[in-house]
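Coordinates as given in input-v3.cif (mmCIF, N, CA and C atoms; chains and numbers go by the auth columns):
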```
data_upload
#
loop_
_atom_site.group_PDB
_atom_site.id
_atom_site.type_symbol
_atom_site.label_atom_id
_atom_site.label_comp_id
_atom_site.label_asym_id
_atom_site.label_seq_id
_atom_site.Cartn_x
_atom_site.Cartn_y
_atom_site.Cartn_z
_atom_site.B_iso_or_equiv
_atom_site.auth_seq_id
_atom_site.auth_asym_id
ATOM 1 N N MET A 1 3.630 -11.409 2.408 0.00 1 A
ATOM 2 C CA MET A 1 3.597 -10.321 3.353 0.00 1 A
ATOM 3 C C MET A 1 4.545 -10.591 4.525 0.00 1 A
ATOM 4 N N GLU A 2 4.602 -11.825 5.002 0.00 2 A
ATOM 5 C CA GLU A 2 5.449 -12.143 6.134 0.00 2 A
ATOM 6 C C GLU A 2 6.930 -12.035 5.780 0.00 2 A
ATOM 7 N N ALA A 3 7.275 -12.406 4.558 0.00 3 A
ATOM 8 C CA ALA A 3 8.671 -12.302 4.140 0.00 3 A
ATOM 9 C C ALA A 3 9.097 -10.835 4.078 0.00 3 A
ATOM 10 N N GLU A 4 8.158 -9.968 3.738 0.00 4 A
ATOM 11 C CA GLU A 4 8.465 -8.535 3.681 0.00 4 A
ATOM 12 C C GLU A 4 8.840 -8.002 5.062 0.00 4 A
ATOM 13 N N ILE A 5 8.146 -8.455 6.083 0.00 5 A
ATOM 14 C CA ILE A 5 8.423 -8.013 7.451 0.00 5 A
ATOM 15 C C ILE A 5 9.796 -8.503 7.893 0.00 5 A
ATOM 16 N N ILE A 6 10.099 -9.752 7.597 0.00 6 A
ATOM 17 C CA ILE A 6 11.391 -10.320 7.975 0.00 6 A
ATOM 18 C C ILE A 6 12.519 -9.588 7.269 0.00 6 A
ATOM 19 N N LEU A 7 12.345 -9.297 5.986 0.00 7 A
ATOM 20 C CA LEU A 7 13.373 -8.568 5.243 0.00 7 A
ATOM 21 C C LEU A 7 13.525 -7.138 5.752 0.00 7 A
ATOM 22 N N LYS A 8 12.415 -6.520 6.141 0.00 8 A
ATOM 23 C CA LYS A 8 12.471 -5.164 6.669 0.00 8 A
ATOM 24 C C LYS A 8 13.252 -5.130 7.992 0.00 8 A
ATOM 25 N N ILE A 9 12.979 -6.088 8.863 0.00 9 A
ATOM 26 C CA ILE A 9 13.677 -6.149 10.150 0.00 9 A
ATOM 27 C C ILE A 9 15.154 -6.472 9.941 0.00 9 A
ATOM 28 N N ALA A 10 15.449 -7.375 9.018 0.00 10 A
ATOM 29 C CA ALA A 10 16.843 -7.715 8.724 0.00 10 A
ATOM 30 C C ALA A 10 17.588 -6.509 8.143 0.00 10 A
ATOM 31 N N GLY A 11 16.929 -5.761 7.279 0.00 11 A
ATOM 32 C CA GLY A 11 17.552 -4.557 6.708 0.00 11 A
ATOM 33 C C GLY A 11 17.846 -3.517 7.767 0.00 11 A
ATOM 34 N N ILE A 12 16.902 -3.325 8.672 0.00 12 A
ATOM 35 C CA ILE A 12 17.115 -2.375 9.765 0.00 12 A
ATOM 36 C C ILE A 12 18.285 -2.839 10.618 0.00 12 A
ATOM 37 N N GLY A 13 18.345 -4.135 10.896 0.00 13 A
ATOM 38 C CA GLY A 13 19.438 -4.679 11.700 0.00 13 A
ATOM 39 C C GLY A 13 20.792 -4.476 11.049 0.00 13 A
ATOM 40 N N MET A 14 20.860 -4.696 9.750 0.00 14 A
ATOM 41 C CA MET A 14 22.143 -4.512 9.055 0.00 14 A
ATOM 42 C C MET A 14 22.562 -3.048 9.027 0.00 14 A
ATOM 43 N N LEU A 15 21.613 -2.143 8.782 0.00 15 A
ATOM 44 C CA LEU A 15 21.948 -0.720 8.776 0.00 15 A
ATOM 45 C C LEU A 15 22.388 -0.237 10.150 0.00 15 A
ATOM 46 N N VAL A 16 21.693 -0.686 11.179 0.00 16 A
ATOM 47 C CA VAL A 16 22.047 -0.281 12.538 0.00 16 A
ATOM 48 C C VAL A 16 23.417 -0.836 12.914 0.00 16 A
ATOM 49 N N ALA A 17 23.686 -2.090 12.569 0.00 17 A
ATOM 50 C CA ALA A 17 24.983 -2.689 12.886 0.00 17 A
ATOM 51 C C ALA A 17 26.121 -1.955 12.186 0.00 17 A
ATOM 52 N N ALA A 18 25.918 -1.619 10.921 0.00 18 A
ATOM 53 C CA ALA A 18 26.955 -0.905 10.174 0.00 18 A
ATOM 54 C C ALA A 18 27.187 0.489 10.758 0.00 18 A
ATOM 55 N N ALA A 19 26.102 1.198 11.043 0.00 19 A
ATOM 56 C CA ALA A 19 26.243 2.546 11.606 0.00 19 A
ATOM 57 C C ALA A 19 26.888 2.500 12.978 0.00 19 A
ATOM 58 N N SER A 20 26.532 1.512 13.767 0.00 20 A
ATOM 59 C CA SER A 20 27.103 1.377 15.102 0.00 20 A
ATOM 60 C C SER A 20 28.601 1.085 15.031 0.00 20 A
ATOM 61 N N GLN A 21 29.001 0.216 14.130 0.00 21 A
ATOM 62 C CA GLN A 21 30.422 -0.100 13.972 0.00 21 A
ATOM 63 C C GLN A 21 31.212 1.114 13.506 0.00 21 A
ATOM 64 N N ILE A 22 30.659 1.842 12.560 0.00 22 A
ATOM 65 C CA ILE A 22 31.354 3.038 12.055 0.00 22 A
ATOM 66 C C ILE A 22 31.517 4.068 13.162 0.00 22 A
ATOM 67 N N LEU A 23 30.455 4.275 13.932 0.00 23 A
ATOM 68 C CA LEU A 23 30.533 5.251 15.015 0.00 23 A
ATOM 69 C C LEU A 23 31.466 4.792 16.131 0.00 23 A
ATOM 70 N N SER A 24 31.483 3.515 16.421 0.00 24 A
ATOM 71 C CA SER A 24 32.380 3.006 17.466 0.00 24 A
ATOM 72 C C SER A 24 33.835 3.175 17.069 0.00 24 A
ATOM 73 N N ARG A 25 34.143 2.883 15.837 0.00 25 A
ATOM 74 C CA ARG A 25 35.528 3.017 15.374 0.00 25 A
ATOM 75 C C ARG A 25 35.961 4.470 15.267 0.00 25 A
ATOM 76 N N ALA A 26 34.997 5.369 15.149 0.00 26 A
ATOM 77 C CA ALA A 26 35.312 6.794 15.096 0.00 26 A
ATOM 78 C C ALA A 26 35.424 7.387 16.503 0.00 26 A
ATOM 79 N N GLY A 27 35.211 6.563 17.511 0.00 27 A
ATOM 80 C CA GLY A 27 35.335 7.040 18.879 0.00 27 A
ATOM 81 C C GLY A 27 34.079 7.677 19.428 0.00 27 A
ATOM 82 N N ARG A 28 32.973 7.471 18.783 0.00 28 A
ATOM 83 C CA ARG A 28 31.697 8.037 19.230 0.00 28 A
ATOM 84 C C ARG A 28 30.805 6.932 19.778 0.00 28 A
ATOM 85 N N ASP A 29 31.246 6.368 20.885 0.00 29 A
ATOM 86 C CA ASP A 29 30.540 5.225 21.460 0.00 29 A
ATOM 87 C C ASP A 29 29.147 5.598 21.961 0.00 29 A
ATOM 88 N N ASP A 30 28.983 6.808 22.471 0.00 30 A
ATOM 89 C CA ASP A 30 27.666 7.231 22.953 0.00 30 A
ATOM 90 C C ASP A 30 26.649 7.274 21.818 0.00 30 A
ATOM 91 N N GLN A 31 27.061 7.828 20.690 0.00 31 A
ATOM 92 C CA GLN A 31 26.155 7.888 19.546 0.00 31 A
ATOM 93 C C GLN A 31 25.894 6.502 18.965 0.00 31 A
ATOM 94 N N ALA A 32 26.890 5.614 19.024 0.00 32 A
ATOM 95 C CA ALA A 32 26.696 4.244 18.550 0.00 32 A
ATOM 96 C C ALA A 32 25.651 3.535 19.403 0.00 32 A
ATOM 97 N N MET A 33 25.686 3.775 20.707 0.00 33 A
ATOM 98 C CA MET A 33 24.698 3.162 21.587 0.00 33 A
ATOM 99 C C MET A 33 23.301 3.707 21.291 0.00 33 A
ATOM 100 N N LEU A 34 23.199 5.002 21.029 0.00 34 A
ATOM 101 C CA LEU A 34 21.902 5.590 20.711 0.00 34 A
ATOM 102 C C LEU A 34 21.351 5.066 19.389 0.00 34 A
ATOM 103 N N VAL A 35 22.215 4.849 18.420 0.00 35 A
ATOM 104 C CA VAL A 35 21.777 4.279 17.142 0.00 35 A
ATOM 105 C C VAL A 35 21.263 2.861 17.357 0.00 35 A
ATOM 106 N N SER A 36 21.962 2.082 18.163 0.00 36 A
ATOM 107 C CA SER A 36 21.512 0.723 18.457 0.00 36 A
ATOM 108 C C SER A 36 20.175 0.735 19.185 0.00 36 A
ATOM 109 N N LEU A 37 20.025 1.626 20.128 0.00 37 A
ATOM 110 C CA LEU A 37 18.772 1.733 20.876 0.00 37 A
ATOM 111 C C LEU A 37 17.626 2.158 19.961 0.00 37 A
ATOM 112 N N ALA A 38 17.886 3.089 19.059 0.00 38 A
ATOM 113 C CA ALA A 38 16.858 3.522 18.112 0.00 38 A
ATOM 114 C C ALA A 38 16.450 2.378 17.187 0.00 38 A
ATOM 115 N N GLY A 39 17.402 1.558 16.772 0.00 39 A
ATOM 116 C CA GLY A 39 17.081 0.405 15.927 0.00 39 A
ATOM 117 C C GLY A 39 16.212 -0.599 16.658 0.00 39 A
ATOM 118 N N ILE A 40 16.517 -0.837 17.935 0.00 40 A
ATOM 119 C CA ILE A 40 15.714 -1.771 18.722 0.00 40 A
ATOM 120 C C ILE A 40 14.291 -1.247 18.873 0.00 40 A
ATOM 121 N N VAL A 41 14.158 0.037 19.160 0.00 41 A
ATOM 122 C CA VAL A 41 12.831 0.633 19.326 0.00 41 A
ATOM 123 C C VAL A 41 12.046 0.560 18.027 0.00 41 A
ATOM 124 N N LEU A 42 12.694 0.812 16.912 0.00 42 A
ATOM 125 C CA LEU A 42 12.030 0.761 15.611 0.00 42 A
ATOM 126 C C LEU A 42 11.518 -0.645 15.304 0.00 42 A
ATOM 127 N N VAL A 43 12.331 -1.647 15.558 0.00 43 A
ATOM 128 C CA VAL A 43 11.916 -3.029 15.318 0.00 43 A
ATOM 129 C C VAL A 43 10.785 -3.414 16.267 0.00 43 A
ATOM 130 N N LEU A 44 10.864 -2.989 17.523 0.00 44 A
ATOM 131 C CA LEU A 44 9.789 -3.287 18.467 0.00 44 A
ATOM 132 C C LEU A 44 8.474 -2.651 18.042 0.00 44 A
ATOM 133 N N LEU A 45 8.526 -1.443 17.494 0.00 45 A
ATOM 134 C CA LEU A 45 7.306 -0.802 17.012 0.00 45 A
ATOM 135 C C LEU A 45 6.696 -1.571 15.849 0.00 45 A
ATOM 136 N N ILE A 46 7.530 -2.077 14.955 0.00 46 A
ATOM 137 C CA ILE A 46 7.031 -2.867 13.829 0.00 46 A
ATOM 138 C C ILE A 46 6.374 -4.147 14.336 0.00 46 A
ATOM 139 N N VAL A 47 7.024 -4.816 15.291 0.00 47 A
ATOM 140 C CA VAL A 47 6.481 -6.065 15.828 0.00 47 A
ATOM 141 C C VAL A 47 5.188 -5.804 16.591 0.00 47 A
ATOM 142 N N LEU A 48 5.147 -4.743 17.384 0.00 48 A
ATOM 143 C CA LEU A 48 3.935 -4.424 18.136 0.00 48 A
ATOM 144 C C LEU A 48 2.768 -4.098 17.214 0.00 48 A
ATOM 145 N N GLU A 49 3.047 -3.438 16.094 0.00 49 A
ATOM 146 C CA GLU A 49 1.997 -3.138 15.124 0.00 49 A
ATOM 147 C C GLU A 49 1.403 -4.428 14.554 0.00 49 A
ATOM 148 N N LYS A 50 2.258 -5.394 14.263 0.00 50 A
ATOM 149 C CA LYS A 50 1.776 -6.667 13.713 0.00 50 A
ATOM 150 C C LYS A 50 1.002 -7.462 14.768 0.00 50 A
ATOM 151 N N ILE A 51 1.452 -7.426 16.017 0.00 51 A
ATOM 152 C CA ILE A 51 0.731 -8.123 17.091 0.00 51 A
ATOM 153 C C ILE A 51 -0.629 -7.478 17.309 0.00 51 A
ATOM 154 N N SER A 52 -0.690 -6.157 17.246 0.00 52 A
ATOM 155 C CA SER A 52 -1.962 -5.456 17.391 0.00 52 A
ATOM 156 C C SER A 52 -2.918 -5.844 16.270 0.00 52 A
ATOM 157 N N GLY A 53 -2.413 -5.940 15.068 0.00 53 A
ATOM 158 C CA GLY A 53 -3.240 -6.369 13.939 0.00 53 A
ATOM 159 C C GLY A 53 -3.750 -7.788 14.110 0.00 53 A
ATOM 160 N N MET A 54 -2.911 -8.646 14.690 0.00 54 A
ATOM 161 C CA MET A 54 -3.328 -10.022 14.933 0.00 54 A
ATOM 162 C C MET A 54 -4.468 -10.069 15.947 0.00 54 A
ATOM 163 N N PHE A 55 -4.351 -9.295 17.039 0.00 55 A
ATOM 164 C CA PHE A 55 -5.415 -9.279 18.036 0.00 55 A
ATOM 165 C C PHE A 55 -6.707 -8.691 17.471 0.00 55 A
ATOM 166 N N THR A 56 -6.595 -7.697 16.623 0.00 56 A
ATOM 167 C CA THR A 56 -7.775 -7.122 15.982 0.00 56 A
ATOM 168 C C THR A 56 -8.460 -8.161 15.094 0.00 56 A
ATOM 169 N N ALA A 57 -7.667 -8.924 14.366 0.00 57 A
ATOM 170 C CA ALA A 57 -8.231 -9.971 13.510 0.00 57 A
ATOM 171 C C ALA A 57 -8.902 -11.056 14.348 0.00 57 A
ATOM 172 N N LEU A 58 -8.285 -11.422 15.466 0.00 58 A
ATOM 173 C CA LEU A 58 -8.883 -12.437 16.337 0.00 58 A
ATOM 174 C C LEU A 58 -10.192 -11.949 16.951 0.00 58 A
ATOM 175 N N ARG A 59 -10.229 -10.674 17.351 0.00 59 A
ATOM 176 C CA ARG A 59 -11.467 -10.119 17.921 0.00 59 A
ATOM 177 C C ARG A 59 -12.585 -10.127 16.892 0.00 59 A
ATOM 178 N N SER A 60 -12.284 -9.741 15.666 0.00 60 A
ATOM 179 C CA SER A 60 -13.321 -9.719 14.636 0.00 60 A
ATOM 180 C C SER A 60 -13.732 -11.135 14.236 0.00 60 A
ATOM 181 N N MET A 61 -12.806 -12.072 14.302 0.00 61 A
ATOM 182 C CA MET A 61 -13.118 -13.445 13.932 0.00 61 A
ATOM 183 C C MET A 61 -14.072 -14.090 14.944 0.00 61 A
ATOM 184 N N PHE A 62 -13.839 -13.815 16.216 0.00 62 A
ATOM 185 C CA PHE A 62 -14.665 -14.417 17.256 0.00 62 A
ATOM 186 C C PHE A 62 -15.788 -13.495 17.721 0.00 62 A
ATOM 187 N N GLY A 63 -15.887 -12.318 17.152 0.00 63 A
ATOM 188 C CA GLY A 63 -16.971 -11.397 17.470 0.00 63 A
ATOM 189 C C GLY A 63 -16.908 -10.833 18.875 0.00 63 A
ATOM 190 N N LEU A 64 -15.704 -10.565 19.340 0.00 64 A
ATOM 191 C CA LEU A 64 -15.569 -10.033 20.706 0.00 64 A
ATOM 192 C C LEU A 64 -15.616 -8.538 20.713 0.00 64 A
#
```

Step by step, read the file and then write its structure as structure tokens.
Amino acid sequence: MEAEIILKIAGIGMLVAAASQILSRAGRDDQAMLVSLAGIVLVLLIVLEKISGMFTALRSMFGL
């Protein structure tokens, strides 16, 4: 399961990097920045979901 998360984040990073480079070379720097920002937000949402699941597991484990 953990390898799946790492591969998912790496895939998002590669797609965002490729799209950003293509847009930058086409002269659309504003859109390239927005694509990069969207990729960061997407990865942060994935990480926050996993952290939330970890805290839920800890609460149930200790009966809090």

One number please: atom N of Leu45 of chain A to atom CA of Phe62 of chain A, in Å, one decimal.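 Pair atom N of Leu45 of chain A / atom CA of Phe62 of chain A returns 26.6 Å.
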
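Atom CA of Ile5 of chain A lies 8.2 Å from atom C of Ile46 of chain A.
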
For segment 14-24 of chain A, find every residue with an atom within 8 Å (counting all atoms listed in the file), except residues of its own chain fewer than 4 positions away, and show them as a ChimeraX atom specification. /A:8-10,28-36,38-40

Edge lengths and centre in Å to one decimal, as JSON, is what I'm after for the box along x, y and z that holds all listed atoms of segment 16-29 of chain A once 8 Å is added on each side.
```
{"center_x": 28.8, "center_y": 2.7, "center_z": 16.1, "size_x": 30.3, "size_y": 26.7, "size_z": 27.8}
```

Could you work out how far atom CA of Leu44 of chain A lies from atom CA of Leu7 of chain A, giving the answer in Å with one decimal?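 Atom-to-atom, atom CA of Leu7 of chain A to atom CA of Leu44 of chain A, that is 14.7 Å.
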
Would you save segment 2-49 of chain A to a file, keeping N, CA and C atoms, as an mmCIF file, in the first residue's frame?
```
data_model
loop_
_atom_site.group_PDB
_atom_site.id
_atom_site.type_symbol
_atom_site.label_atom_id
_atom_site.label_comp_id
_atom_site.auth_asym_id
_atom_site.auth_seq_id
_atom_site.Cartn_x
_atom_site.Cartn_y
_atom_site.Cartn_z
ATOM 1 N N GLU A 2 1.959 1.259 0.754
ATOM 2 C CA GLU A 2 2.808 2.432 0.831
ATOM 3 C C GLU A 2 3.523 2.700 -0.492
ATOM 4 N N ALA A 3 3.903 1.639 -1.184
ATOM 5 C CA ALA A 3 4.567 1.821 -2.473
ATOM 6 C C ALA A 3 3.600 2.437 -3.484
ATOM 7 N N GLU A 4 2.326 2.108 -3.350
ATOM 8 C CA GLU A 4 1.320 2.674 -4.255
ATOM 9 C C GLU A 4 1.229 4.189 -4.090
ATOM 10 N N ILE A 5 1.306 4.660 -2.865
ATOM 11 C CA ILE A 5 1.233 6.097 -2.593
ATOM 12 C C ILE A 5 2.453 6.804 -3.169
ATOM 13 N N ILE A 6 3.618 6.219 -2.974
ATOM 14 C CA ILE A 6 4.850 6.814 -3.487
ATOM 15 C C ILE A 6 4.821 6.870 -5.004
ATOM 16 N N LEU A 7 4.360 5.802 -5.643
ATOM 17 C CA LEU A 7 4.272 5.789 -7.103
ATOM 18 C C LEU A 7 3.236 6.786 -7.612
ATOM 19 N N LYS A 8 2.140 6.937 -6.876
ATOM 20 C CA LYS A 8 1.112 7.889 -7.271
ATOM 21 C C LYS A 8 1.652 9.326 -7.209
ATOM 22 N N ILE A 9 2.366 9.643 -6.141
ATOM 23 C CA ILE A 9 2.935 10.985 -5.994
ATOM 24 C C ILE A 9 4.014 11.226 -7.045
ATOM 25 N N ALA A 10 4.832 10.219 -7.312
ATOM 26 C CA ALA A 10 5.870 10.350 -8.337
ATOM 27 C C ALA A 10 5.247 10.543 -9.724
ATOM 28 N N GLY A 11 4.179 9.821 -10.002
ATOM 29 C CA GLY A 11 3.490 9.976 -11.292
ATOM 30 C C GLY A 11 2.906 11.363 -11.456
ATOM 31 N N ILE A 12 2.302 11.870 -10.396
ATOM 32 C CA ILE A 12 1.749 13.225 -10.442
ATOM 33 C C ILE A 12 2.874 14.222 -10.676
ATOM 34 N N GLY A 13 3.995 14.027 -9.996
ATOM 35 C CA GLY A 13 5.137 14.926 -10.161
ATOM 36 C C GLY A 13 5.673 14.926 -11.579
ATOM 37 N N MET A 14 5.767 13.752 -12.174
ATOM 38 C CA MET A 14 6.274 13.682 -13.552
ATOM 39 C C MET A 14 5.309 14.324 -14.540
ATOM 40 N N LEU A 15 4.008 14.087 -14.368
ATOM 41 C CA LEU A 15 3.030 14.703 -15.264
ATOM 42 C C LEU A 15 3.015 16.218 -15.128
ATOM 43 N N VAL A 16 3.089 16.697 -13.900
ATOM 44 C CA VAL A 16 3.089 18.141 -13.672
ATOM 45 C C VAL A 16 4.355 18.767 -14.250
ATOM 46 N N ALA A 17 5.501 18.125 -14.053
ATOM 47 C CA ALA A 17 6.755 18.659 -14.584
ATOM 48 C C ALA A 17 6.730 18.724 -16.108
ATOM 49 N N ALA A 18 6.218 17.677 -16.736
ATOM 50 C CA ALA A 18 6.147 17.658 -18.198
ATOM 51 C C ALA A 18 5.192 18.737 -18.713
ATOM 52 N N ALA A 19 4.026 18.838 -18.089
ATOM 53 C CA ALA A 19 3.054 19.850 -18.525
ATOM 54 C C ALA A 19 3.590 21.252 -18.302
ATOM 55 N N SER A 20 4.273 21.456 -17.200
ATOM 56 C CA SER A 20 4.836 22.768 -16.900
ATOM 57 C C SER A 20 5.915 23.147 -17.913
ATOM 58 N N GLN A 21 6.766 22.208 -18.263
ATOM 59 C CA GLN A 21 7.813 22.476 -19.251
ATOM 60 C C GLN A 21 7.220 22.787 -20.618
ATOM 61 N N ILE A 22 6.220 22.025 -21.006
ATOM 62 C CA ILE A 22 5.585 22.262 -22.313
ATOM 63 C C ILE A 22 4.939 23.638 -22.352
ATOM 64 N N LEU A 23 4.243 23.991 -21.277
ATOM 65 C CA LEU A 23 3.593 25.297 -21.241
ATOM 66 C C LEU A 23 4.603 26.437 -21.171
ATOM 67 N N SER A 24 5.687 26.245 -20.462
ATOM 68 C CA SER A 24 6.712 27.293 -20.378
ATOM 69 C C SER A 24 7.358 27.537 -21.730
ATOM 70 N N ARG A 25 7.652 26.482 -22.437
ATOM 71 C CA ARG A 25 8.281 26.632 -23.753
ATOM 72 C C ARG A 25 7.325 27.206 -24.785
ATOM 73 N N ALA A 26 6.032 27.072 -24.537
ATOM 74 C CA ALA A 26 5.037 27.641 -25.442
ATOM 75 C C ALA A 26 4.751 29.104 -25.097
ATOM 76 N N GLY A 27 5.402 29.608 -24.066
ATOM 77 C CA GLY A 27 5.214 31.001 -23.696
ATOM 78 C C GLY A 27 4.034 31.244 -22.782
ATOM 79 N N ARG A 28 3.516 30.214 -22.188
ATOM 80 C CA ARG A 28 2.374 30.337 -21.278
ATOM 81 C C ARG A 28 2.828 30.099 -19.844
ATOM 82 N N ASP A 29 3.646 31.015 -19.368
ATOM 83 C CA ASP A 29 4.239 30.854 -18.041
ATOM 84 C C ASP A 29 3.194 30.913 -16.930
ATOM 85 N N ASP A 30 2.159 31.720 -17.104
ATOM 86 C CA ASP A 30 1.115 31.808 -16.080
ATOM 87 C C ASP A 30 0.396 30.474 -15.909
ATOM 88 N N GLN A 31 0.065 29.845 -17.024
ATOM 89 C CA GLN A 31 -0.606 28.550 -16.946
ATOM 90 C C GLN A 31 0.326 27.467 -16.412
ATOM 91 N N ALA A 32 1.622 27.567 -16.720
ATOM 92 C CA ALA A 32 2.589 26.605 -16.190
ATOM 93 C C ALA A 32 2.662 26.713 -14.671
ATOM 94 N N MET A 33 2.611 27.937 -14.161
ATOM 95 C CA MET A 33 2.639 28.123 -12.714
ATOM 96 C C MET A 33 1.375 27.553 -12.073
ATOM 97 N N LEU A 34 0.231 27.745 -12.713
ATOM 98 C CA LEU A 34 -1.015 27.207 -12.176
ATOM 99 C C LEU A 34 -1.025 25.682 -12.185
ATOM 100 N N VAL A 35 -0.451 25.083 -13.207
ATOM 101 C CA VAL A 35 -0.356 23.620 -13.257
ATOM 102 C C VAL A 35 0.536 23.121 -12.127
ATOM 103 N N SER A 36 1.647 23.797 -11.893
ATOM 104 C CA SER A 36 2.535 23.409 -10.799
ATOM 105 C C SER A 36 1.839 23.558 -9.452
ATOM 106 N N LEU A 37 1.115 24.631 -9.278
ATOM 107 C CA LEU A 37 0.392 24.861 -8.027
ATOM 108 C C LEU A 37 -0.693 23.805 -7.823
ATOM 109 N N ALA A 38 -1.395 23.448 -8.884
ATOM 110 C CA ALA A 38 -2.423 22.410 -8.788
ATOM 111 C C ALA A 38 -1.805 21.061 -8.426
ATOM 112 N N GLY A 39 -0.635 20.760 -8.966
ATOM 113 C CA GLY A 39 0.047 19.509 -8.624
ATOM 114 C C GLY A 39 0.448 19.472 -7.163
ATOM 115 N N ILE A 40 0.939 20.602 -6.648
ATOM 116 C CA ILE A 40 1.326 20.662 -5.240
ATOM 117 C C ILE A 40 0.107 20.461 -4.348
ATOM 118 N N VAL A 41 -0.993 21.112 -4.689
ATOM 119 C CA VAL A 41 -2.215 20.984 -3.893
ATOM 120 C C VAL A 41 -2.724 19.553 -3.922
ATOM 121 N N LEU A 42 -2.672 18.914 -5.069
ATOM 122 C CA LEU A 42 -3.131 17.532 -5.198
ATOM 123 C C LEU A 42 -2.298 16.587 -4.334
ATOM 124 N N VAL A 43 -0.993 16.748 -4.357
ATOM 125 C CA VAL A 43 -0.118 15.905 -3.542
ATOM 126 C C VAL A 43 -0.351 16.180 -2.059
ATOM 127 N N LEU A 44 -0.533 17.441 -1.688
ATOM 128 C CA LEU A 44 -0.805 17.763 -0.288
ATOM 129 C C LEU A 44 -2.111 17.144 0.188
ATOM 130 N N LEU A 45 -3.124 17.114 -0.669
ATOM 131 C CA LEU A 45 -4.385 16.480 -0.295
ATOM 132 C C LEU A 45 -4.212 14.986 -0.070
ATOM 133 N N ILE A 46 -3.413 14.338 -0.902
ATOM 134 C CA ILE A 46 -3.156 12.908 -0.733
ATOM 135 C C ILE A 46 -2.430 12.657 0.586
ATOM 136 N N VAL A 47 -1.423 13.482 0.880
ATOM 137 C CA VAL A 47 -0.654 13.310 2.115
ATOM 138 C C VAL A 47 -1.525 13.592 3.333
ATOM 139 N N LEU A 48 -2.341 14.635 3.275
ATOM 140 C CA LEU A 48 -3.215 14.957 4.402
ATOM 141 C C LEU A 48 -4.230 13.853 4.662
ATOM 142 N N GLU A 49 -4.721 13.219 3.601
ATOM 143 C CA GLU A 49 -5.655 12.107 3.763
ATOM 144 C C GLU A 49 -4.989 10.947 4.505
#
```
